[in-house]
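The data block below is entry00.cif; it holds mmCIF, C-alpha atoms.
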data_input
#
loop_
_atom_site.label_atom_id
_atom_site.label_comp_id
_atom_site.auth_asym_id
_atom_site.auth_seq_id
_atom_site.Cartn_x
_atom_site.Cartn_y
_atom_site.Cartn_z
CA MET K 293 -22.70 17.10 1.51
CA GLY K 294 -23.06 20.59 3.07
CA ALA K 295 -20.49 22.99 4.41
CA ILE K 296 -18.19 21.98 7.24
CA SER K 297 -19.85 22.65 10.59
CA LYS K 298 -18.36 24.56 13.52
CA ASP K 299 -17.99 21.30 15.43
CA GLU K 300 -15.97 19.82 12.58
CA VAL K 301 -13.78 22.91 12.34
CA ALA K 302 -13.07 22.60 16.08
CA LEU K 303 -12.33 18.87 15.78
CA TYR K 304 -10.04 19.16 12.75
CA ASP K 305 -8.54 22.56 13.66
CA ARG K 306 -4.89 21.50 13.65
CA GLN K 307 -4.97 19.80 10.26
CA ILE K 308 -7.05 22.58 8.70
CA ARG K 309 -4.28 24.97 9.76
CA LEU K 310 -1.86 22.66 7.95
CA TRP K 311 -3.61 22.10 4.61
CA GLY K 312 -6.52 24.55 4.55
CA MET K 313 -10.30 24.41 4.45
CA GLU K 314 -10.52 23.42 0.78
CA ALA K 315 -8.37 20.33 1.30
CA GLN K 316 -10.40 19.35 4.38
CA THR K 317 -13.62 19.75 2.39
CA ARG K 318 -12.28 17.48 -0.35
CA LEU K 319 -11.18 14.93 2.24
CA ARG K 320 -14.60 15.07 3.88
CA SER K 321 -16.35 14.33 0.59
CA SER K 322 -14.04 11.48 -0.48
CA SER K 323 -14.78 7.76 -0.44
CA VAL K 324 -12.02 5.21 0.15
CA CYS K 325 -12.12 1.42 0.07
CA ILE K 326 -9.56 -0.73 1.87
CA MET K 327 -9.30 -4.33 0.66
CA GLY K 328 -7.50 -6.62 3.10
CA ILE K 329 -7.32 -6.12 6.86
CA THR K 330 -3.77 -6.43 8.16
CA ALA K 331 -1.74 -4.48 10.72
CA LEU K 332 -0.77 -2.09 7.93
CA SER K 333 -4.31 -1.45 6.69
CA LEU K 334 -5.57 -1.14 10.27
CA GLU K 335 -3.16 1.74 10.87
CA THR K 336 -4.12 3.28 7.52
CA ALA K 337 -7.84 3.03 8.29
CA LYS K 338 -7.37 4.54 11.75
CA ASN K 339 -5.50 7.54 10.37
CA LEU K 340 -8.06 8.14 7.62
CA VAL K 341 -10.92 8.05 10.11
CA LEU K 342 -9.19 10.47 12.49
CA SER K 343 -8.48 12.87 9.62
CA GLY K 344 -12.19 13.17 8.80
CA ILE K 345 -12.59 11.25 5.57
CA GLY K 346 -16.14 11.10 4.19
CA THR K 347 -16.75 7.37 3.75
CA LEU K 348 -14.54 4.38 4.45
CA THR K 349 -15.44 0.90 3.18
CA LEU K 350 -13.65 -2.16 4.58
CA ILE K 351 -13.51 -5.51 2.77
CA ASN K 352 -12.08 -8.64 4.35
CA PRO K 353 -14.55 -11.27 5.59
CA HIS K 354 -11.85 -13.66 6.84
CA GLU K 355 -12.27 -14.67 10.45
CA ILE K 356 -10.02 -13.30 13.17
CA THR K 357 -7.53 -15.84 14.55
CA ASN K 358 -5.09 -15.93 17.46
CA ASP K 359 -2.31 -14.78 15.14
CA ASP K 360 -4.19 -11.53 14.43
CA LEU K 361 -4.11 -10.62 18.11
CA GLN K 362 -0.32 -10.31 17.97
CA VAL K 363 -0.29 -7.45 15.46
CA GLN K 364 -3.75 -5.86 15.32
CA TYR K 365 -4.36 -3.82 18.45
CA TYR K 366 -8.11 -3.37 17.87
CA PHE K 367 -8.74 -7.12 18.11
CA ASP K 368 -8.96 -9.15 21.31
CA GLU K 369 -9.86 -12.72 22.27
CA SER K 370 -13.59 -11.98 22.22
CA HIS K 371 -13.31 -11.23 18.49
CA ILE K 372 -11.83 -14.59 17.47
CA GLY K 373 -13.99 -16.23 14.82
CA ARG K 374 -15.67 -13.00 13.74
CA PRO K 375 -15.06 -11.27 10.35
CA ARG K 376 -12.15 -8.86 10.38
CA ASP K 377 -13.96 -6.10 8.50
CA ASN K 378 -16.99 -6.13 10.79
CA VAL K 379 -14.93 -5.92 13.97
CA LEU K 380 -12.62 -3.21 12.67
CA ALA K 381 -15.61 -1.15 11.48
CA GLU K 382 -17.11 -1.31 14.98
CA GLN K 383 -13.87 -0.15 16.57
CA LEU K 384 -13.29 2.70 14.11
CA ARG K 385 -16.79 4.12 14.52
CA VAL K 386 -15.95 4.85 18.14
CA LEU K 387 -12.94 6.94 17.07
CA ASN K 388 -14.90 9.36 14.90
CA PRO K 389 -18.71 9.18 14.68
CA LEU K 390 -18.65 11.85 11.94
CA VAL K 391 -17.16 9.37 9.43
CA THR K 392 -19.37 6.86 7.61
CA ILE K 393 -17.79 3.42 7.92
CA ARG K 394 -19.20 0.53 5.92
CA VAL K 395 -18.46 -3.14 5.40
CA GLY K 396 -18.28 -4.09 1.72
CA GLU K 397 -18.36 -7.37 -0.16
CA CYS K 398 -15.70 -9.13 -2.19
CA GLY K 399 -16.20 -8.43 -5.88
CA GLN K 400 -18.39 -5.39 -5.38
CA GLU K 401 -18.46 -2.51 -7.87
CA ILE K 402 -15.55 -0.11 -7.31
CA SER K 403 -16.58 2.79 -9.54
CA GLY K 404 -18.15 4.63 -6.59
CA PHE K 405 -14.83 5.00 -4.76
CA ASP K 406 -12.26 7.75 -5.16
CA VAL K 407 -9.38 5.54 -4.00
CA VAL K 408 -8.97 1.79 -3.52
CA ILE K 409 -6.19 0.61 -1.20
CA HIS K 410 -5.22 -3.03 -1.65
CA VAL K 411 -3.22 -4.67 1.16
CA GLY K 412 -2.20 -8.34 1.22
CA ALA K 413 -3.77 -11.05 -1.00
CA TYR K 414 -1.15 -10.15 -3.57
CA MET K 415 -2.38 -12.49 -6.28
CA GLU K 416 -5.50 -10.33 -6.64
CA ALA K 417 -3.63 -7.03 -6.90
CA GLN K 418 -3.27 -6.93 -10.69
CA HIS K 419 -6.96 -7.65 -11.24
CA VAL K 420 -8.01 -4.92 -8.79
CA ALA K 421 -5.48 -2.49 -10.27
CA SER K 422 -6.81 -3.04 -13.80
CA ALA K 423 -10.41 -2.64 -12.67
CA CYS K 424 -9.54 0.63 -10.91
CA ARG K 425 -7.75 2.03 -13.95
CA ASN K 426 -10.67 1.15 -16.23
CA ALA K 427 -13.10 2.82 -13.80
CA GLY K 428 -10.94 5.93 -13.29
CA VAL K 429 -10.39 5.11 -9.61
CA LYS K 430 -7.05 5.82 -7.97
CA PHE K 431 -5.26 2.67 -6.79
CA VAL K 432 -2.74 1.99 -4.04
CA ALA K 433 -1.14 -1.39 -3.30
CA ALA K 434 0.95 -1.83 -0.17
CA GLY K 435 2.40 -4.51 2.04
CA ALA K 436 4.74 -4.96 4.98
CA LEU K 437 7.21 -7.81 5.41
CA GLY K 438 8.75 -7.46 8.84
CA LEU K 439 11.10 -4.46 8.69
CA PHE K 440 10.58 -4.07 4.95
CA GLY K 441 7.64 -2.98 2.86
CA PHE K 442 6.46 -1.62 -0.47
CA VAL K 443 3.88 0.74 -1.89
CA PHE K 444 2.61 1.19 -5.45
CA VAL K 445 0.45 4.14 -6.52
CA ASP K 446 -1.54 4.59 -9.74
CA CYS K 447 -3.50 7.84 -10.10
CA GLY K 448 -4.19 7.30 -13.81
CA ASP K 449 -2.83 8.71 -17.05
CA ARG K 450 -3.56 12.33 -16.16
CA HIS K 451 -3.61 13.31 -12.50
CA GLU K 452 -4.10 17.02 -11.89
CA TYR K 453 -2.64 18.71 -8.83
CA ALA K 454 -1.80 22.27 -7.79
CA GLU K 455 1.57 23.69 -6.82
CA SER K 456 1.52 26.91 -4.82
CA THR K 457 4.36 29.34 -4.24
CA SER K 458 4.53 31.98 -1.53
CA GLY K 459 6.40 35.24 -1.37
CA ALA K 460 5.85 38.71 -2.73
CA GLU K 461 3.74 37.36 -5.60
CA PRO K 462 2.13 34.06 -4.53
CA SER K 463 0.82 31.89 -7.32
CA THR K 464 -0.83 28.54 -7.94
CA THR K 465 -0.01 26.38 -10.96
CA THR K 466 -2.01 23.39 -12.18
CA CYS K 467 0.27 20.45 -12.98
CA ILE K 468 -0.29 17.09 -14.67
CA ALA K 469 1.30 13.86 -13.47
CA GLU K 470 1.26 10.65 -15.50
CA TYR K 471 1.26 7.34 -13.64
CA THR K 472 2.23 3.92 -14.94
CA SER K 473 -0.20 1.03 -14.56
CA LEU K 474 0.72 -1.91 -12.36
CA SER K 475 0.81 -4.31 -15.30
CA ASP K 476 3.22 -2.04 -17.22
CA SER K 477 5.38 -1.58 -14.13
CA LEU K 478 5.79 -5.32 -13.73
CA THR K 479 7.10 -5.73 -17.28
CA ALA K 480 9.27 -2.60 -17.36
CA ARG K 481 12.92 -3.02 -18.23
CA VAL K 482 15.54 -1.42 -16.02
CA GLU K 483 17.92 0.84 -17.95
CA GLU K 484 21.65 0.65 -17.38
CA SER K 485 21.68 4.08 -15.71
CA SER K 486 18.99 2.88 -13.28
CA VAL K 487 21.10 -0.14 -12.36
CA VAL K 488 23.99 2.18 -11.52
CA ARG K 489 21.71 4.21 -9.25
CA LEU K 490 20.47 1.01 -7.61
CA ARG K 491 24.01 -0.01 -6.76
CA ARG K 492 24.69 3.39 -5.27
CA LYS K 493 21.42 3.59 -3.33
CA TYR K 494 21.19 0.07 -1.95
CA PRO K 495 24.64 -1.14 -0.83
CA PRO K 496 25.72 -3.80 -0.13
CA LEU K 497 22.83 -5.85 -1.49
CA VAL K 498 19.85 -5.29 -3.73
CA PHE K 499 17.44 -8.16 -3.36
CA VAL K 500 15.00 -8.56 -6.21
CA PHE K 501 12.42 -11.32 -6.35
CA GLN K 502 9.41 -11.52 -8.57
CA GLY K 503 6.19 -13.27 -9.18
CA LYS K 504 5.26 -15.85 -6.65
CA CYS K 505 3.30 -13.75 -4.18
CA PHE K 506 2.66 -10.49 -6.06
CA HIS K 507 3.96 -10.83 -9.62
CA CYS K 508 5.90 -7.75 -8.67
CA THR K 509 9.46 -6.69 -7.89
CA TYR K 510 10.55 -5.92 -4.35
CA VAL K 511 13.80 -4.16 -3.56
CA ALA K 512 15.13 -4.38 -0.01
CA THR K 513 18.48 -3.62 1.56
CA LEU K 514 19.55 -6.79 3.30
CA HIS K 515 23.03 -7.67 4.51
CA SER K 516 23.33 -11.41 4.23
CA ALA K 517 22.06 -14.35 2.24
CA TYR K 518 20.48 -15.79 5.38
CA SER K 519 18.46 -12.64 6.14
CA VAL K 520 17.19 -12.54 2.55
CA PHE K 521 16.09 -16.15 2.72
CA TYR K 522 14.52 -15.67 6.15
CA VAL K 523 12.38 -12.71 5.01
CA ALA K 524 11.33 -14.53 1.83
CA LEU K 525 10.49 -17.67 3.80
CA MET K 526 8.44 -15.78 6.40
CA ALA K 527 6.57 -13.96 3.62
CA GLY K 528 5.60 -17.28 2.07
CA VAL K 529 7.44 -16.47 -1.14
CA VAL K 530 9.74 -19.49 -1.11
CA ASP K 531 10.05 -22.79 0.70
CA THR K 532 13.75 -23.48 0.13
CA GLU K 533 16.91 -21.45 -0.44
CA ASP K 534 17.40 -23.05 -3.88
CA GLU K 535 13.93 -21.86 -4.84
CA LEU K 536 14.90 -18.34 -3.76
CA VAL K 537 17.99 -18.43 -5.99
CA ARG K 538 15.91 -19.54 -8.99
CA LEU K 539 13.36 -16.82 -8.31
CA VAL K 540 15.98 -14.09 -8.10
CA ARG K 541 17.72 -15.30 -11.28
CA SER K 542 14.42 -15.34 -13.15
CA SER K 543 13.54 -11.84 -11.99
CA LEU K 544 16.92 -10.42 -13.00
CA GLN K 545 16.85 -12.06 -16.43
CA SER K 546 13.26 -11.01 -17.21
CA ARG K 547 14.11 -7.37 -16.54
CA SER K 548 17.59 -7.36 -18.10
CA ILE K 549 19.29 -6.55 -14.80
CA PRO K 550 22.94 -7.69 -14.54
CA SER K 551 23.33 -10.51 -12.03
CA ASP K 552 26.14 -8.69 -10.21
CA VAL K 553 23.60 -6.21 -8.84
CA VAL K 554 22.94 -8.61 -5.99
CA ASP K 555 25.29 -10.25 -3.53
CA HIS K 556 27.16 -13.34 -4.77
CA ASP K 557 25.84 -15.17 -1.72
CA ILE K 558 22.40 -14.96 -3.29
CA ILE K 559 23.16 -15.55 -6.99
CA ARG K 560 25.73 -18.33 -7.02
#
Could you rewrite the structure in this file as structure tokens?
Amino acid sequence: MGAISKDEVALYDRQIRLWGMEAQTRLRSSSVCIMGITALSLETAKNLVLSGIGTLTLINPHEITNDDLQVQYYFDESHIGRPRDNVLAEQLRVLNPLVTIRVGECGQEISGFDVVIHVGAYMEAQHVASACRNAGVKFVAAGALGLFGFVFVDCGDRHEYAESTSGAEPSTTTCIAEYTSLSDSLTARVEESSVVRLRRKYPPLVFVFQGKCFHCTYVATLHSAYSVFYVALMAGVVDTEDELVRLVRSSLQSRSIPSDVVDHDIIR
């Protein structure tokens, strides 16, 4: 890919002033894949396209339904029955013709991407995360549950980045960050000091549930047993309140977290 044209400089002028020409060039040459088309990934895709990313690949062949029209503003009644990825790709191409937008296939090779963003379909997340780590591809998993959400990032064992300082003697230092894999994160034990911080950070309730939809741990600040159950029920994690209690107990025990971390209304 050649140098950034004058038209591109004019289009991306404000963000180039923010992060510089080098960062814009890197963004322009990057390739991102989004697996799963939800309201969250739609917003993510829209922002990436407007920022001038090089190539965006969308994967989600599921057909658009009436429910999608409530939360995905690029879909309308004429799109019902059509694949989500195809329709979203059409809409995004209008926003920025300079970006290459493709529709991928489930199970396709991921080694050609710089970043894979996995949204929804939580049971597949660990498999995708492992494949990305083996291929040296950065991985992001995210989801939104009403007012609550989560994000997990894995940039590999050694992720290089630069830190710049300004002043009389400006300098740039190359730093190394080490990320934990998704599989290791899910089996990590919480130290006693971390539990103390959790209590301080998430009063009056820390809600932890694991496994059924993501094999992962979510932490949300909720204020009553009913609101916890309602969110879990709407997310499809549990069917009954007793099932929620068992799930929370199991999660706490598997990670050696004291049961008094959560509200007594939940663990009874």
Inset, instruction - Determine the residue set returned by the PyMOL selection byres ((chain K and resi 378-388) around 12) for the present structure, and present it as a count of residues only. - result: 56
Legend entry - Distance query Val411 of chain K at most 6 Å, all atoms listed in the file, self and fewer than 6 positions along chain excluded, as JSON, numbers by chain: {"K": [328, 433, 434, 435]}
Inset, instruction - Tell me, in Å to one decimal, how far atom CA of Tyr471 of chain K is from atom CA of Gln307 of chain K. - result: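 Interatomic distance, atom CA of Tyr471 of chain K to atom CA of Gln307 of chain K: 27.7 Å.
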Inset, instruction - Have a look at K:Ile468, K:Val443, K:Ile296, K:Ala302 and name the one nearest to Phe431 of chain K; count all atoms listed in the file. - result: K:Val443
Inset, instruction - Could you tell me which of K:Ala436, K:Cys325, K:Leu319, K:Leu310 comes closest to Gly412 of chain K if we count only C-alpha atoms? - result: K:Ala436
Inset, instruction - Expand the PyMOL selection byres ((chain K and resi 465) around 12) into the individual residues it matches in the shown file, reporting them as a PyMOL selection string. - result: chain K and resi 452-458+462-464+466-468
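In this model, the gap between atom CA of Gly399 of chain K and atom CA of Arg318 of chain K comes to 26.8 Å.
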Legend entry - Interatomic distance (Å, one decimal) between atom CA of Asp406 of chain K and atom CA of Asp449 of chain K: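 Atom CA of Asp449 of chain K lies 15.2 Å from atom CA of Asp406 of chain K.
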Inset, instruction - Would you be able to write out as a ChimeraX atom specification which residues have an atom within 12 Å of (-15.0, 24.5, 10.0) in the file's coordinates, counting all atoms listed in the file? - result: /K:294-309,312-317,320,344
Legend entry - Surrounding residues of segment 401-405 of chain K excluding itself and chain neighbours under 6 positions, 7 Å, all atoms listed in the file, as a count of residues only: 5
